[in-house]
Every structure is written in structure tokens, then in C-alpha cells.
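Visitor: Got target-v1.tsv for you, TSV, C-alpha atoms:
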chain	number	residue	atom	x	y	z
A	1145	MET	CA	-0.51	16.34	17.11
A	1146	VAL	CA	3.15	15.32	17.12
A	1147	HIS	CA	2.52	12.58	19.71
A	1148	VAL	CA	-0.48	11.20	17.77
A	1149	LEU	CA	1.52	11.08	14.55
A	1150	LYS	CA	4.55	9.52	16.22
A	1151	GLY	CA	2.33	7.08	18.14
A	1152	ASN	CA	0.87	5.75	14.87
A	1153	ILE	CA	3.71	6.18	12.37
A	1154	GLY	CA	6.42	3.71	13.19
A	1155	THR	CA	7.61	0.33	12.09
A	1156	GLY	CA	4.04	-0.60	11.09
A	1157	LEU	CA	4.17	1.98	8.28
A	1158	LEU	CA	7.43	0.57	6.93
A	1159	ALA	CA	5.96	-2.96	7.04
A	1160	MET	CA	2.96	-2.01	4.89
A	1161	PRO	CA	4.48	-3.33	1.60
A	1162	GLU	CA	4.86	-6.79	3.16
A	1163	ALA	CA	1.27	-6.53	4.42
A	1164	PHE	CA	0.16	-5.84	0.82
A	1165	LEU	CA	2.13	-8.93	-0.23
A	1166	ASN	CA	-0.18	-11.01	1.97
A	1167	ALA	CA	-3.36	-9.42	0.56
A	1168	GLY	CA	-2.65	-8.36	-3.01
A	1169	LEU	CA	-2.20	-4.88	-4.44
A	1170	TRP	CA	-5.83	-3.81	-4.81
A	1171	VAL	CA	-7.23	-5.68	-1.80
A	1172	GLY	CA	-4.48	-4.21	0.36
A	1173	LEU	CA	-5.16	-0.70	-0.96
A	1174	ALA	CA	-8.91	-1.00	-0.32
A	1175	GLY	CA	-8.43	-2.53	3.11
A	1176	ILE	CA	-6.33	0.27	4.62
A	1177	PRO	CA	-8.96	3.08	4.50
A	1178	ILE	CA	-11.72	0.68	5.56
A	1179	LEU	CA	-9.75	-0.55	8.55
A	1180	GLY	CA	-8.60	3.00	9.26
A	1181	ILE	CA	-12.16	4.35	9.41
A	1182	ILE	CA	-13.19	1.55	11.78
A	1183	CYS	CA	-10.18	2.10	14.05
A	1184	ILE	CA	-10.63	5.89	14.12
A	1185	HIS	CA	-14.32	5.44	14.91
A	1186	CYS	CA	-13.37	3.15	17.81
A	1187	MET	CA	-10.92	5.80	19.09
A	1188	HIS	CA	-13.72	8.38	19.09
A	1189	THR	CA	-16.02	5.85	20.77
A	1190	LEU	CA	-13.51	5.42	23.57
A	1191	LEU	CA	-13.16	9.20	23.95
A	1192	LYS	CA	-16.96	9.64	24.07
A	1193	CYS	CA	-17.37	6.95	26.73
A	1194	SER	CA	-14.55	8.38	28.83
A	1195	ARG	CA	-16.07	11.88	28.76
A	1196	GLU	CA	-19.53	10.56	29.62
A	1197	LEU	CA	-18.21	8.54	32.57
A	1198	CYS	CA	-16.13	11.49	33.78
A	1199	LYS	CA	-19.32	13.59	33.91
A	1200	ARG	CA	-21.16	10.90	35.85
A	1201	THR	CA	-18.39	10.37	38.40
A	1202	GLY	CA	-17.11	13.96	38.65
A	1203	ARG	CA	-13.60	12.95	37.64
A	1204	SER	CA	-11.43	15.07	35.38
A	1205	ALA	CA	-9.82	12.26	33.39
A	1206	MET	CA	-9.77	8.48	32.97
A	1207	SER	CA	-7.40	6.02	31.32
A	1208	TYR	CA	-8.51	3.26	28.94
A	1209	GLU	CA	-8.70	0.60	31.64
A	1210	GLU	CA	-10.40	2.96	34.12
A	1211	THR	CA	-13.01	3.83	31.50
A	1212	ALA	CA	-13.79	0.14	30.96
A	1213	LYS	CA	-13.89	-0.64	34.68
A	1214	VAL	CA	-16.18	2.29	35.57
A	1215	SER	CA	-18.38	1.51	32.56
A	1216	PHE	CA	-19.00	-2.05	33.75
A	1217	SER	CA	-19.24	-1.19	37.45
A	1218	SER	CA	-21.97	1.41	36.74
A	1219	GLY	CA	-23.64	-0.52	33.93
A	1220	PRO	CA	-26.33	-3.23	33.90
A	1221	PRO	CA	-26.36	-5.55	36.96
A	1222	ALA	CA	-25.21	-8.51	34.85
A	1223	CYS	CA	-22.06	-6.56	33.85
A	1224	GLN	CA	-21.11	-5.15	37.24
A	1225	ARG	CA	-19.48	-8.32	38.57
A	1226	TRP	CA	-17.18	-8.34	35.54
A	1227	ALA	CA	-15.83	-4.82	36.13
A	1228	ASN	CA	-12.53	-5.88	37.72
A	1229	VAL	CA	-11.99	-8.68	35.21
A	1230	VAL	CA	-12.49	-6.31	32.26
A	1231	GLY	CA	-10.20	-3.70	33.82
A	1232	TYR	CA	-7.40	-6.21	34.40
A	1233	THR	CA	-7.88	-7.73	30.92
A	1234	ILE	CA	-7.54	-4.38	29.17
A	1235	THR	CA	-4.56	-3.48	31.33
A	1236	THR	CA	-2.88	-6.74	30.37
A	1237	PHE	CA	-3.52	-6.23	26.65
A	1238	LEU	CA	-2.32	-2.62	26.84
A	1239	ILE	CA	0.93	-3.75	28.40
A	1240	ILE	CA	1.35	-6.61	25.89
A	1241	THR	CA	0.62	-4.29	22.96
A	1242	GLN	CA	2.98	-1.50	23.94
A	1243	MET	CA	5.73	-3.93	24.97
A	1244	GLY	CA	5.20	-5.71	21.64
A	1245	PHE	CA	5.71	-2.43	19.80
A	1246	CYS	CA	8.94	-1.91	21.72
A	1247	CYS	CA	10.10	-5.44	20.83
A	1248	VAL	CA	9.55	-4.67	17.15
A	1249	TYR	CA	11.49	-1.42	17.59
A	1250	PHE	CA	14.34	-3.37	19.17
A	1251	VAL	CA	14.46	-5.64	16.10
A	1252	PHE	CA	14.15	-2.76	13.63
A	1253	ILE	CA	16.91	-0.49	14.96
A	1254	PRO	CA	19.90	-2.87	14.84
A	1255	GLN	CA	18.81	-4.54	11.58
A	1256	ASN	CA	18.78	-1.23	9.74
A	1257	ILE	CA	22.01	0.01	11.31
A	1258	GLN	CA	23.67	-3.32	10.51
A	1259	ARG	CA	22.54	-3.20	6.89
A	1260	ALA	CA	23.78	0.39	6.50
A	1261	ILE	CA	27.19	-0.49	7.97
A	1262	GLU	CA	27.47	-3.56	5.73
A	1263	GLY	CA	26.70	-1.36	2.74
A	1264	MET	CA	29.43	1.09	3.72
A	1265	ASN	CA	31.86	-1.79	4.36
A	1266	GLY	CA	31.05	-3.55	1.10
A	1267	GLY	CA	29.95	-6.77	2.77
A	1268	ASP	CA	29.46	-8.63	6.04
A	1269	VAL	CA	31.26	-6.96	8.95
A	1270	GLY	CA	31.56	-10.20	10.90
A	1271	ILE	CA	29.24	-9.23	13.76
A	1272	SER	CA	26.23	-11.39	14.56
A	1273	ASN	CA	22.68	-10.08	14.67
A	1274	PHE	CA	22.54	-10.74	18.41
A	1275	ALA	CA	25.72	-8.71	18.97
A	1276	PHE	CA	24.25	-5.79	17.02
A	1277	LEU	CA	21.07	-6.10	19.07
A	1278	SER	CA	23.03	-6.08	22.34
A	1279	MET	CA	24.88	-2.91	21.38
A	1280	PHE	CA	21.65	-0.89	21.62
A	1281	ILE	CA	20.67	-1.85	25.17
A	1282	VAL	CA	22.47	1.08	26.82
A	1283	PRO	CA	21.30	3.78	24.33
A	1284	VAL	CA	17.68	2.61	24.67
A	1285	LEU	CA	17.97	2.56	28.46
A	1286	LEU	CA	19.28	6.12	28.51
A	1287	ILE	CA	16.40	7.56	26.46
A	1288	CYS	CA	13.88	5.57	28.53
A	1289	TYR	CA	15.12	7.28	31.70
A	1290	ILE	CA	13.40	10.52	30.56
A	1291	PRO	CA	10.79	10.78	33.34
A	1292	ASP	CA	7.80	12.70	31.98
A	1293	LEU	CA	5.67	12.74	28.82
A	1294	LYS	CA	6.07	16.50	28.39
A	1295	TYR	CA	9.86	16.11	28.23
A	1296	LEU	CA	9.38	13.63	25.38
A	1297	ALA	CA	7.65	16.21	23.17
A	1298	PRO	CA	10.95	17.67	21.83
A	1299	VAL	CA	12.26	14.13	21.28
A	1300	SER	CA	9.08	13.24	19.37
A	1301	LEU	CA	9.39	16.41	17.31
A	1302	VAL	CA	12.97	15.59	16.31
A	1303	ALA	CA	11.92	12.00	15.54
A	1304	ALA	CA	9.04	13.27	13.39
A	1305	VAL	CA	11.39	15.51	11.37
A	1306	VAL	CA	13.95	12.73	10.93
A	1307	GLN	CA	11.24	10.26	9.95
A	1308	THR	CA	9.74	12.69	7.44
A	1309	VAL	CA	13.09	13.04	5.70
A	1310	GLY	CA	13.58	9.27	5.76
A	1311	LEU	CA	10.11	8.61	4.32
A	1312	ALA	CA	10.68	11.16	1.55
A	1313	ILE	CA	13.85	9.31	0.52
A	1314	CYS	CA	12.03	5.95	0.70
A	1315	PHE	CA	9.35	7.33	-1.63
A	1316	TYR	CA	12.06	8.46	-4.04
A	1317	TYR	CA	13.31	4.88	-4.30
A	1318	MET	CA	9.80	3.42	-4.49
A	1319	VAL	CA	8.51	5.60	-7.34
A	1320	ARG	CA	11.57	6.27	-9.49
A	1321	ASP	CA	11.24	3.08	-11.60
A	1322	LEU	CA	7.63	1.97	-11.19
A	1323	PRO	CA	6.59	-1.09	-13.19
A	1324	ARG	CA	3.18	-1.45	-14.86
A	1325	VAL	CA	0.47	-2.15	-12.30
A	1326	SER	CA	-1.13	-4.89	-14.37
A	1327	GLU	CA	2.04	-6.87	-15.04
A	1328	GLU	CA	4.06	-7.22	-11.87
A	1329	VAL	CA	1.97	-8.05	-8.79
A	1330	PRO	CA	-1.40	-9.75	-8.18
A	1331	GLY	CA	-4.36	-7.65	-7.13
A	1332	TRP	CA	-5.60	-10.44	-4.84
A	1333	ALA	CA	-3.23	-12.86	-3.09
A	1334	GLY	CA	-5.83	-15.38	-1.89
A	1335	TRP	CA	-7.31	-16.22	1.49
A	1336	ALA	CA	-4.38	-18.12	2.99
A	1337	LYS	CA	-2.29	-15.12	4.04
A	1338	LEU	CA	-5.07	-12.56	4.46
A	1339	PRO	CA	-5.01	-12.96	8.29
A	1340	LEU	CA	-1.34	-11.91	8.25
A	1341	TYR	CA	-2.38	-8.78	6.33
A	1342	PHE	CA	-5.03	-8.07	8.97
A	1343	GLY	CA	-2.51	-8.42	11.79
A	1344	SER	CA	0.02	-6.12	10.12
A	1345	ALA	CA	-2.62	-3.53	9.17
A	1346	VAL	CA	-4.20	-3.41	12.65
A	1347	TYR	CA	-0.73	-3.21	14.19
A	1348	ALA	CA	-0.06	-0.15	12.05
A	1349	PHE	CA	-2.98	1.67	13.71
A	1350	GLU	CA	-1.11	1.29	16.95
A	1351	GLY	CA	-2.05	4.47	18.82
A	1352	ILE	CA	-5.30	3.66	20.67
A	1353	GLY	CA	-3.43	3.11	23.92
A	1354	LEU	CA	-2.15	6.69	23.72
A	1355	VAL	CA	-5.49	8.37	22.90
A	1356	LEU	CA	-6.75	8.98	26.45
A	1357	PRO	CA	-3.32	9.75	28.03
A	1358	LEU	CA	-2.68	12.36	25.31
A	1359	GLU	CA	-6.11	13.98	25.66
A	1360	ASN	CA	-5.71	14.02	29.44
A	1361	ASN	CA	-2.35	15.81	29.14
A	1362	MET	CA	-3.58	18.52	26.75
A	1363	ARG	CA	-4.08	22.08	27.90
A	1364	THR	CA	-7.31	22.20	25.84
A	1365	PRO	CA	-8.69	18.61	25.70
A	1366	ALA	CA	-11.70	19.74	23.63
A	1367	SER	CA	-9.34	20.32	20.68
A	1368	PHE	CA	-8.47	16.62	20.56
A	1369	GLY	CA	-11.81	15.30	19.21
A	1370	GLY	CA	-14.23	16.84	16.75
A	1371	LEU	CA	-14.46	16.64	12.98
A	1372	THR	CA	-11.34	18.75	12.40
A	1373	GLY	CA	-9.69	18.05	15.74
A	1374	VAL	CA	-6.21	16.71	16.41
A	1375	LEU	CA	-7.24	13.04	16.24
A	1376	ASN	CA	-9.05	13.14	12.87
A	1377	THR	CA	-6.45	15.37	11.25
A	1378	ALA	CA	-3.51	13.25	12.37
A	1379	MET	CA	-5.17	9.91	11.59
A	1380	SER	CA	-6.20	11.06	8.10
A	1381	ILE	CA	-2.53	11.75	7.38
A	1382	VAL	CA	-1.65	8.34	8.83
A	1383	VAL	CA	-4.17	6.46	6.63
A	1384	CYS	CA	-2.91	8.19	3.46
A	1385	LEU	CA	0.70	7.36	4.33
A	1386	TYR	CA	-0.09	3.70	5.03
A	1387	ALA	CA	-1.90	3.30	1.73
A	1388	ALA	CA	0.83	5.06	-0.27
A	1389	VAL	CA	3.79	3.22	1.29
A	1390	GLY	CA	2.06	-0.16	0.99
A	1391	PHE	CA	0.94	0.39	-2.61
A	1392	PHE	CA	4.16	1.78	-4.07
A	1393	GLY	CA	6.46	-0.41	-1.96
A	1394	TYR	CA	4.74	-3.64	-3.02
A	1395	LEU	CA	4.38	-2.49	-6.62
A	1396	THR	CA	8.12	-1.74	-6.84
A	1397	TYR	CA	9.63	-4.71	-4.99
A	1398	GLY	CA	6.91	-7.34	-5.46
A	1399	SER	CA	7.44	-10.73	-3.83
A	1400	ALA	CA	10.98	-9.70	-2.77
A	1401	VAL	CA	9.62	-7.14	-0.29
A	1402	LYS	CA	10.93	-7.50	3.28
A	1403	GLY	CA	9.59	-6.84	6.78
A	1404	SER	CA	10.68	-3.21	6.54
A	1405	ILE	CA	10.85	-1.34	3.24
A	1406	THR	CA	14.18	0.18	4.31
A	1407	LEU	CA	15.75	-3.29	4.04
A	1408	ASN	CA	14.82	-3.39	0.33
A	1409	LEU	CA	16.75	-0.23	-0.54
A	1410	PRO	CA	19.94	-0.75	-2.61
A	1411	ASN	CA	22.60	-1.48	-0.03
A	1412	GLU	CA	25.51	-0.06	-2.02
A	1413	ASP	CA	23.85	3.37	-2.37
A	1414	ALA	CA	24.99	6.04	0.11
A	1415	LEU	CA	21.55	7.66	0.11
A	1416	ALA	CA	19.95	4.33	1.02
A	1417	GLN	CA	22.42	3.87	3.85
A	1418	THR	CA	21.51	7.35	5.08
A	1419	VAL	CA	17.78	6.60	5.14
A	1420	GLN	CA	18.36	3.33	7.00
A	1421	ILE	CA	20.25	5.21	9.70
A	1422	LEU	CA	17.68	8.03	9.79
A	1423	MET	CA	14.73	5.65	10.18
A	1424	ALA	CA	16.56	3.67	12.86
A	1425	LEU	CA	17.21	6.94	14.69
A	1426	ALA	CA	13.55	8.00	14.39
A	1427	VAL	CA	12.31	4.66	15.73
A	1428	TYR	CA	14.88	4.85	18.53
A	1429	MET	CA	13.53	8.23	19.61
A	1430	SER	CA	9.96	6.87	19.46
A	1431	TYR	CA	10.71	3.93	21.75
A	1432	PRO	CA	10.15	5.79	25.07
A	1433	LEU	CA	6.76	7.09	23.87
A	1434	GLN	CA	5.54	3.53	23.33
A	1435	MET	CA	7.02	2.41	26.66
A	1436	TYR	CA	5.27	5.30	28.48
A	1437	VAL	CA	1.96	3.41	28.74
A	1438	PRO	CA	3.39	0.34	30.56
A	1439	TYR	CA	5.34	2.66	32.85
A	1440	GLU	CA	2.23	4.67	33.68
A	1441	ILE	CA	0.18	1.54	34.41
A	1442	LEU	CA	2.70	-0.52	36.36
A	1443	THR	CA	4.96	1.97	38.17
A	1444	PRO	CA	2.46	2.86	40.98
A	1445	SER	CA	2.01	-0.83	41.88
A	1446	VAL	CA	5.74	-1.50	41.74
A	1447	LEU	CA	6.50	1.50	43.95
A	1448	GLN	CA	3.76	0.55	46.41
A	1449	LYS	CA	5.30	-2.89	46.80
A	1450	PHE	CA	9.00	-2.06	46.91
A	1451	ALA	CA	9.18	1.64	47.88
A	1452	PRO	CA	5.90	3.11	49.18
A	1453	PRO	CA	6.19	6.87	48.47
A	1454	GLU	CA	4.62	7.73	51.84
A	1455	THR	CA	7.35	5.92	53.83
A	1456	ALA	CA	10.35	5.35	51.55
A	1457	SER	CA	13.03	7.96	50.94
A	1458	ARG	CA	13.09	9.90	47.68
A	1459	THR	CA	16.31	8.14	46.69
A	1460	ARG	CA	14.81	4.68	47.22
A	1461	VAL	CA	11.74	5.61	45.17
A	1462	LYS	CA	13.95	6.76	42.28
A	1463	VAL	CA	16.13	3.63	42.48
A	1464	VAL	CA	13.09	1.33	42.34
A	1465	GLU	CA	11.49	3.33	39.52
A	1466	TYR	CA	14.59	3.29	37.32
A	1467	THR	CA	15.29	-0.36	38.11
A	1468	PHE	CA	11.80	-1.18	36.91
A	1469	ARG	CA	12.34	0.81	33.70
A	1470	THR	CA	15.58	-1.10	33.15
A	1471	CYS	CA	13.81	-4.46	33.57
A	1472	CYS	CA	11.13	-3.48	31.02
A	1473	VAL	CA	13.76	-2.57	28.43
A	1474	LEU	CA	15.68	-5.80	29.07
A	1475	LEU	CA	12.46	-7.80	28.65
A	1476	THR	CA	11.80	-6.27	25.22
A	1477	PHE	CA	15.42	-6.98	24.29
A	1478	ALA	CA	15.04	-10.66	25.24
A	1479	LEU	CA	11.83	-11.05	23.22
A	1480	ALA	CA	13.35	-9.26	20.23
A	1481	ALA	CA	16.32	-11.63	20.35
A	1482	ALA	CA	13.93	-14.61	20.47
A	1483	ILE	CA	11.86	-13.58	17.39
A	1484	PRO	CA	14.17	-11.55	15.10
A	1485	ASN	CA	11.73	-11.42	12.16
A	1486	ILE	CA	10.07	-7.99	11.96
A	1487	GLY	CA	7.14	-8.99	9.75
A	1488	LEU	CA	6.10	-12.00	11.83
A	1489	PHE	CA	6.45	-10.08	15.09
A	1490	ILE	CA	4.28	-7.27	13.72
A	1491	SER	CA	1.55	-9.66	12.55
A	1492	LEU	CA	1.48	-11.49	15.89
A	1493	VAL	CA	1.32	-8.33	18.04
A	1494	GLY	CA	-1.31	-6.81	15.76
A	1495	ALA	CA	-3.53	-9.91	15.74
A	1496	VAL	CA	-3.29	-10.68	19.47
A	1497	SER	CA	-3.37	-7.28	21.15
A	1498	SER	CA	-4.03	-4.47	18.69
A	1499	SER	CA	-7.23	-6.08	17.36
A	1500	THR	CA	-8.50	-6.60	20.91
A	1501	LEU	CA	-7.86	-3.04	22.05
A	1502	ALA	CA	-8.66	-1.23	18.80
A	1503	LEU	CA	-11.70	-3.19	17.60
A	1504	ILE	CA	-13.22	-5.50	20.23
A	1505	PHE	CA	-13.35	-3.57	23.51
A	1506	PRO	CA	-14.40	-0.03	22.41
A	1507	PRO	CA	-17.83	-1.07	21.02
A	1508	ILE	CA	-18.45	-3.28	24.08
A	1509	ILE	CA	-17.63	-0.39	26.40
A	1510	GLU	CA	-19.96	1.91	24.42
A	1511	VAL	CA	-22.94	-0.46	24.68
A	1512	VAL	CA	-22.40	-0.98	28.42
A	1513	THR	CA	-21.82	2.73	29.12
A	1514	PHE	CA	-25.03	3.94	27.48
A	1515	TRP	CA	-27.23	0.94	28.33
A	1516	PRO	CA	-30.28	0.76	28.14
A	1517	ASP	CA	-30.08	3.46	25.45
A	1518	THR	CA	-29.24	1.32	22.42
A	1519	GLY	CA	-30.05	4.05	19.91
A	1520	ARG	CA	-32.59	4.20	17.16
A	1521	TYR	CA	-33.30	0.73	15.70
A	1522	HIS	CA	-30.72	-0.53	18.24
A	1523	TYR	CA	-27.98	0.80	15.98
A	1524	ARG	CA	-25.47	1.01	18.85
A	1525	VAL	CA	-25.79	-2.73	19.59
A	1526	ILE	CA	-25.81	-3.75	15.92
A	1527	LYS	CA	-22.78	-1.58	15.13
A	1528	GLY	CA	-20.92	-2.86	18.19
A	1529	LEU	CA	-21.72	-6.46	17.29
A	1530	LEU	CA	-20.49	-6.08	13.71
A	1531	ILE	CA	-17.23	-4.38	14.72
A	1532	GLY	CA	-16.65	-6.80	17.60
A	1533	VAL	CA	-17.22	-9.91	15.46
A	1534	PHE	CA	-14.94	-8.48	12.76
A	1535	GLY	CA	-12.24	-7.87	15.36
A	1536	PHE	CA	-12.64	-11.32	16.92
A	1537	ILE	CA	-12.39	-13.12	13.57
A	1538	GLY	CA	-9.25	-11.11	12.79
A	1539	PHE	CA	-7.87	-11.86	16.25
A	1540	LEU	CA	-8.46	-15.61	15.91
A	1541	THR	CA	-7.31	-16.13	12.33
A	1542	GLY	CA	-4.46	-13.64	12.58
A	1543	THR	CA	-3.06	-15.20	15.75
A	1544	VAL	CA	-3.20	-18.75	14.35
A	1545	SER	CA	-1.60	-17.68	11.06
A	1546	SER	CA	1.12	-15.68	12.79
A	1547	VAL	CA	2.03	-18.49	15.19
A	1548	GLN	CA	2.12	-20.97	12.29
A	1549	ALA	CA	4.32	-18.60	10.29
A	1550	ILE	CA	6.71	-18.20	13.24
A	1551	ILE	CA	6.93	-21.99	13.59
A	1552	ASP	CA	7.65	-22.31	9.86
A	1553	PHE	CA	10.31	-19.60	10.18
A	1554	PHE	CA	12.18	-21.45	12.92
A	1555	VAL	CA	11.63	-25.02	11.71
A	1556	ASN	CA	11.87	-24.69	7.95
A	1557	GLY	CA	13.52	-21.30	7.54
A	1558	GLU	CA	10.50	-20.09	5.50
Show me this structure written as C-alpha cells.
Guide:
Amino acid sequence: MVHVLKGNIGTGLLAMPEAFLNAGLWVGLAGIPILGIICIHCMHTLLKCSRELCKRTGRSAMSYEETAKVSFSSGPPACQRWANVVGYTITTFLIITQMGFCCVYFVFIPQNIQRAIEGMNGGDVGISNFAFLSMFIVPVLLICYIPDLKYLAPVSLVAAVVQTVGLAICFYYMVRDLPRVSEEVPGWAGWAKLPLYFGSAVYAFEGIGLVLPLENNMRTPASFGGLTGVLNTAMSIVVCLYAAVGFFGYLTYGSAVKGSITLNLPNEDALAQTVQILMALAVYMSYPLQMYVPYEILTPSVLQKFAPPETASRTRVKVVEYTFRTCCVLLTFALAAAIPNIGLFISLVGAVSSSTLALIFPPIIEVVTFWPDTGRYHYRVIKGLLIGVFGFIGFLTGTVSSVQAIIDFFVNGE
């Protein structure tokens, strides 16, 4: 439960007010539960396909990419030749998505710490954004050296507690002087920026890459699914939080809202400075959980190439493993330094990778897994087609809009 909550409640939640800015107050509020229901359904679809394929093959567990590969390799003859391609494609998008999350985290942490320090100092402290960013390389490396998911559970628990306190303080600022709903912000912001809203909203439902690893690591995997299981319970909380933060944050700060709601808090207020530090700390402690998926996917291949466990010494294996972890962290640092705008980074990652993994592939995998059983009135194919087309349109428009916005940011400063 803690891992599911922490895997979905991160910087995407704090960016919800800016997402509402791109959609409008009422369109943004209506869109969150709709998108949440679709994403949760796709998570359950992935779980169902994985369990079905495990029964067929006699395996105890499968990852996302293994589920897709086995689905295609045992599916209709026309799909079988695409099994490896689909497996590699999903692996690539999983890595891009999780690394993208980590890049956003690397932007979020120093920006909030810097703003808190400037508030305490009464103005600019004379340190560049890049210097602040560089200061967090070693702390992030140290927490990423924690070797196993089970050892991250206490870290996630502490992060969840810290984040809960931080969110409570954010809500205090958001609701203490609420303006009239009808007077301050538009209910519909127009079509132009709606793709940016889609990217940010899909990014917020960022936990699909963790669904199968978490179920596979549970002592009682059957407790994960089901109507009142871990997944539904946690994701219902997540949807309510997204809607509330987006609604009240946009209503309070309007067009002045920033990429993270913590950056809108009054800088001279000690309580605001505290929440900025708390949220930065919570995101910092969540970083290794998001980086766990790329590690799990890539480490076996890296070890096989540079330190085969069957021939290399234990010391060499550890050196190669931790060197690889270091390179991953440095890569996210470099990308964060290249695109230091949280909102634009979130929209781009959400549109490119999150929409693909959360909306496009799960219905495709379901149709292929259960083919030729398409369900009554072919509902499985129709449902998959509708969700897949919705995801593809969001992917296409969201990516184009995000790239254009990034270009405008660098060229025109907009």
C-alpha cells in the first residue's frame, strides 16, 4: 500500500494546479476521475493478463515487458513475429518513463530547497540554479545505493509521512482565502493547451510500471487486486488527492500558478519554507523507488556484459552494479539541467511515455492474450480500440504541444 501510494503521489500531484490551468477549472476537475478510472482499469487489465499467462506457462511471476512478450509469442500467428519487438518497445518506454520521473525529481528538489533558503535569507543567495542542482548529486547517489526493494519500504514510509504533513500544510494555504469560483478562473481554457493538461494528468498516474513488481514481491499477491484490494484502495485515494490539489490550487492562485504548487507558497512565511523543505525531502526519498524499475530491467544485461556473475568475483560484480547506478543518476542530473522547467518536463514525459504504457499497450496485450475470445459483442476489442485511440491521440497531441512549449521556453522565455 505504501509503495503504491508513493509510486503515484509525487511531483505529478503538486503539478496538478498547473494542469488545471491548461484545461480550465471544471474541465480539469471532470477529467481527473475519468482519466483515473481508465488508468486503473488498464492496471487491472495488465494484472489479469499477467496472471493468465503465468497459469499457461507455469511461471510464478512476470514483469510488464515479459507479459507483453509472452502474450504476443503465444497469441495469433500474425502477432508472434512481433513478440520481441513489443517486448523491447515496452522495456524502452518503461526505462524512459521512470528515468523521466527521476529527472523531474532532480528538478523539483533543488528548486524547492533554493526557494526555501532564499525566503530565510530575505532574497537571492547568489547561487545559480545549476549549482543548487549539482549539490544534490551525492545525496541522491547515496540513497540510490540501497540494494533491495524491501529495504526501501521504511524509506517510503518515512517519505509518505513527511509528504502527508507537507500536503496538509499546502492545503492550509490553498483553502484559507478561497475566491469565488465564478469570478476568478475560467471553467474551460480552450483546446490549444488541452494536450498539455493530458500529458500532466497522465504523468500523475505514474505507477503502472510498479504494479507487477509490487504484486510479485507481496507475501499474499491475491490481496493486491480485487474490488477492495490494495490497488483500488490506494488509487482511489490518489484520484481524490489529484482532483482536490488541482481544483483548490488553481482556484487560489489562478494564472500565476507554477509547475509545483509549493513554489506558489508565500516565500517570506516560515511555515511555507518548512513545507518546501518537507516536500523536497519526501521526493528525495521517493527517487530510488522510481529508479528501481530501470535498475531491475538493465542490471542483469550490464552485469552479463561487464561482470558475468558465474565467472566474475563478488567484488567486481558489486563495482559494476554500483557504477551503473551512478551513471543512471548522473544521466537524470544531466537531463534535469538541460530542461529545468518542471511543468514542461512533466507534460513531455506524460505524453510520450506514460500515455503509451498506461493507456495504449494494456488493451492491446489483453486482446492478444485472450484471442480469439473477444467477449460478448466483441466488447474486448471495442473497449481496447477506444482506449488505445484515446491514448494515441493524447500521445501525439501532447508530445507536439510539449515540444513546442519547450522550444518557446528556450527561444522566447515563455
Visitor: Considering only C-alpha atoms, state which residue in the set A:Ser1499, A:Gln1242, A:Thr1211, A:Asn1360 is at the smallest distance from Thr1476 (chain A).
Guide: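 Nearest candidate to Thr1476 (chain A) out of A:Ser1499, A:Gln1242, A:Thr1211, A:Asn1360: A:Gln1242.
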Visitor: I'd like to know which of A:Ser1218, A:Thr1189, A:Asn1265, A:Gln1448 is closest to Glu1412 (chain A), using all atoms listed in the file.
Guide: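 Closest candidate: A:Asn1265.
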Visitor: So how far away is CA of Phe1539 (chain A) from CA of Ser1404 (chain A), in Å?
Guide: 22.7 Å
Visitor: Please check which residues have atoms at most 10 Å from (2.4, 4.8, 13.2) in the file's coordinates, counting all atoms listed in the file, and write them as an mmCIF file with C-alpha atoms, in the coordinates of the input.
Guide:
data_model
loop_
_atom_site.group_PDB
_atom_site.id
_atom_site.type_symbol
_atom_site.label_atom_id
_atom_site.label_comp_id
_atom_site.auth_asym_id
_atom_site.auth_seq_id
_atom_site.Cartn_x
_atom_site.Cartn_y
_atom_site.Cartn_z
ATOM 1 C CA VAL A 1148 -0.480 11.200 17.770
ATOM 2 C CA LEU A 1149 1.520 11.080 14.550
ATOM 3 C CA LYS A 1150 4.550 9.520 16.220
ATOM 4 C CA GLY A 1151 2.330 7.080 18.140
ATOM 5 C CA ASN A 1152 0.870 5.750 14.870
ATOM 6 C CA ILE A 1153 3.710 6.180 12.370
ATOM 7 C CA GLY A 1154 6.420 3.710 13.190
ATOM 8 C CA THR A 1155 7.610 0.330 12.090
ATOM 9 C CA GLY A 1156 4.040 -0.600 11.090
ATOM 10 C CA LEU A 1157 4.170 1.980 8.280
ATOM 11 C CA LEU A 1158 7.430 0.570 6.930
ATOM 12 C CA TYR A 1347 -0.730 -3.210 14.190
ATOM 13 C CA ALA A 1348 -0.060 -0.150 12.050
ATOM 14 C CA PHE A 1349 -2.980 1.670 13.710
ATOM 15 C CA GLU A 1350 -1.110 1.290 16.950
ATOM 16 C CA GLY A 1351 -2.050 4.470 18.820
ATOM 17 C CA MET A 1379 -5.170 9.910 11.590
ATOM 18 C CA VAL A 1382 -1.650 8.340 8.830
ATOM 19 C CA VAL A 1383 -4.170 6.460 6.630
ATOM 20 C CA LEU A 1385 0.700 7.360 4.330
ATOM 21 C CA TYR A 1386 -0.090 3.700 5.030
#
Visitor: Please indicate the distance in Å from CA of Lys1527 (chain A) to CA of Ile1508 (chain A), rounded to one decimal place.
Guide: 10.1 Å
Visitor: Using all atoms listed in the file, find the one residue out of A:Pro1444, A:Gly1538, A:Pro1291, A:Gly1331 that sits nearest to Ala1502 (chain A).
Guide: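 Smallest separation from Ala1502 (chain A) among the options: A:Gly1538.
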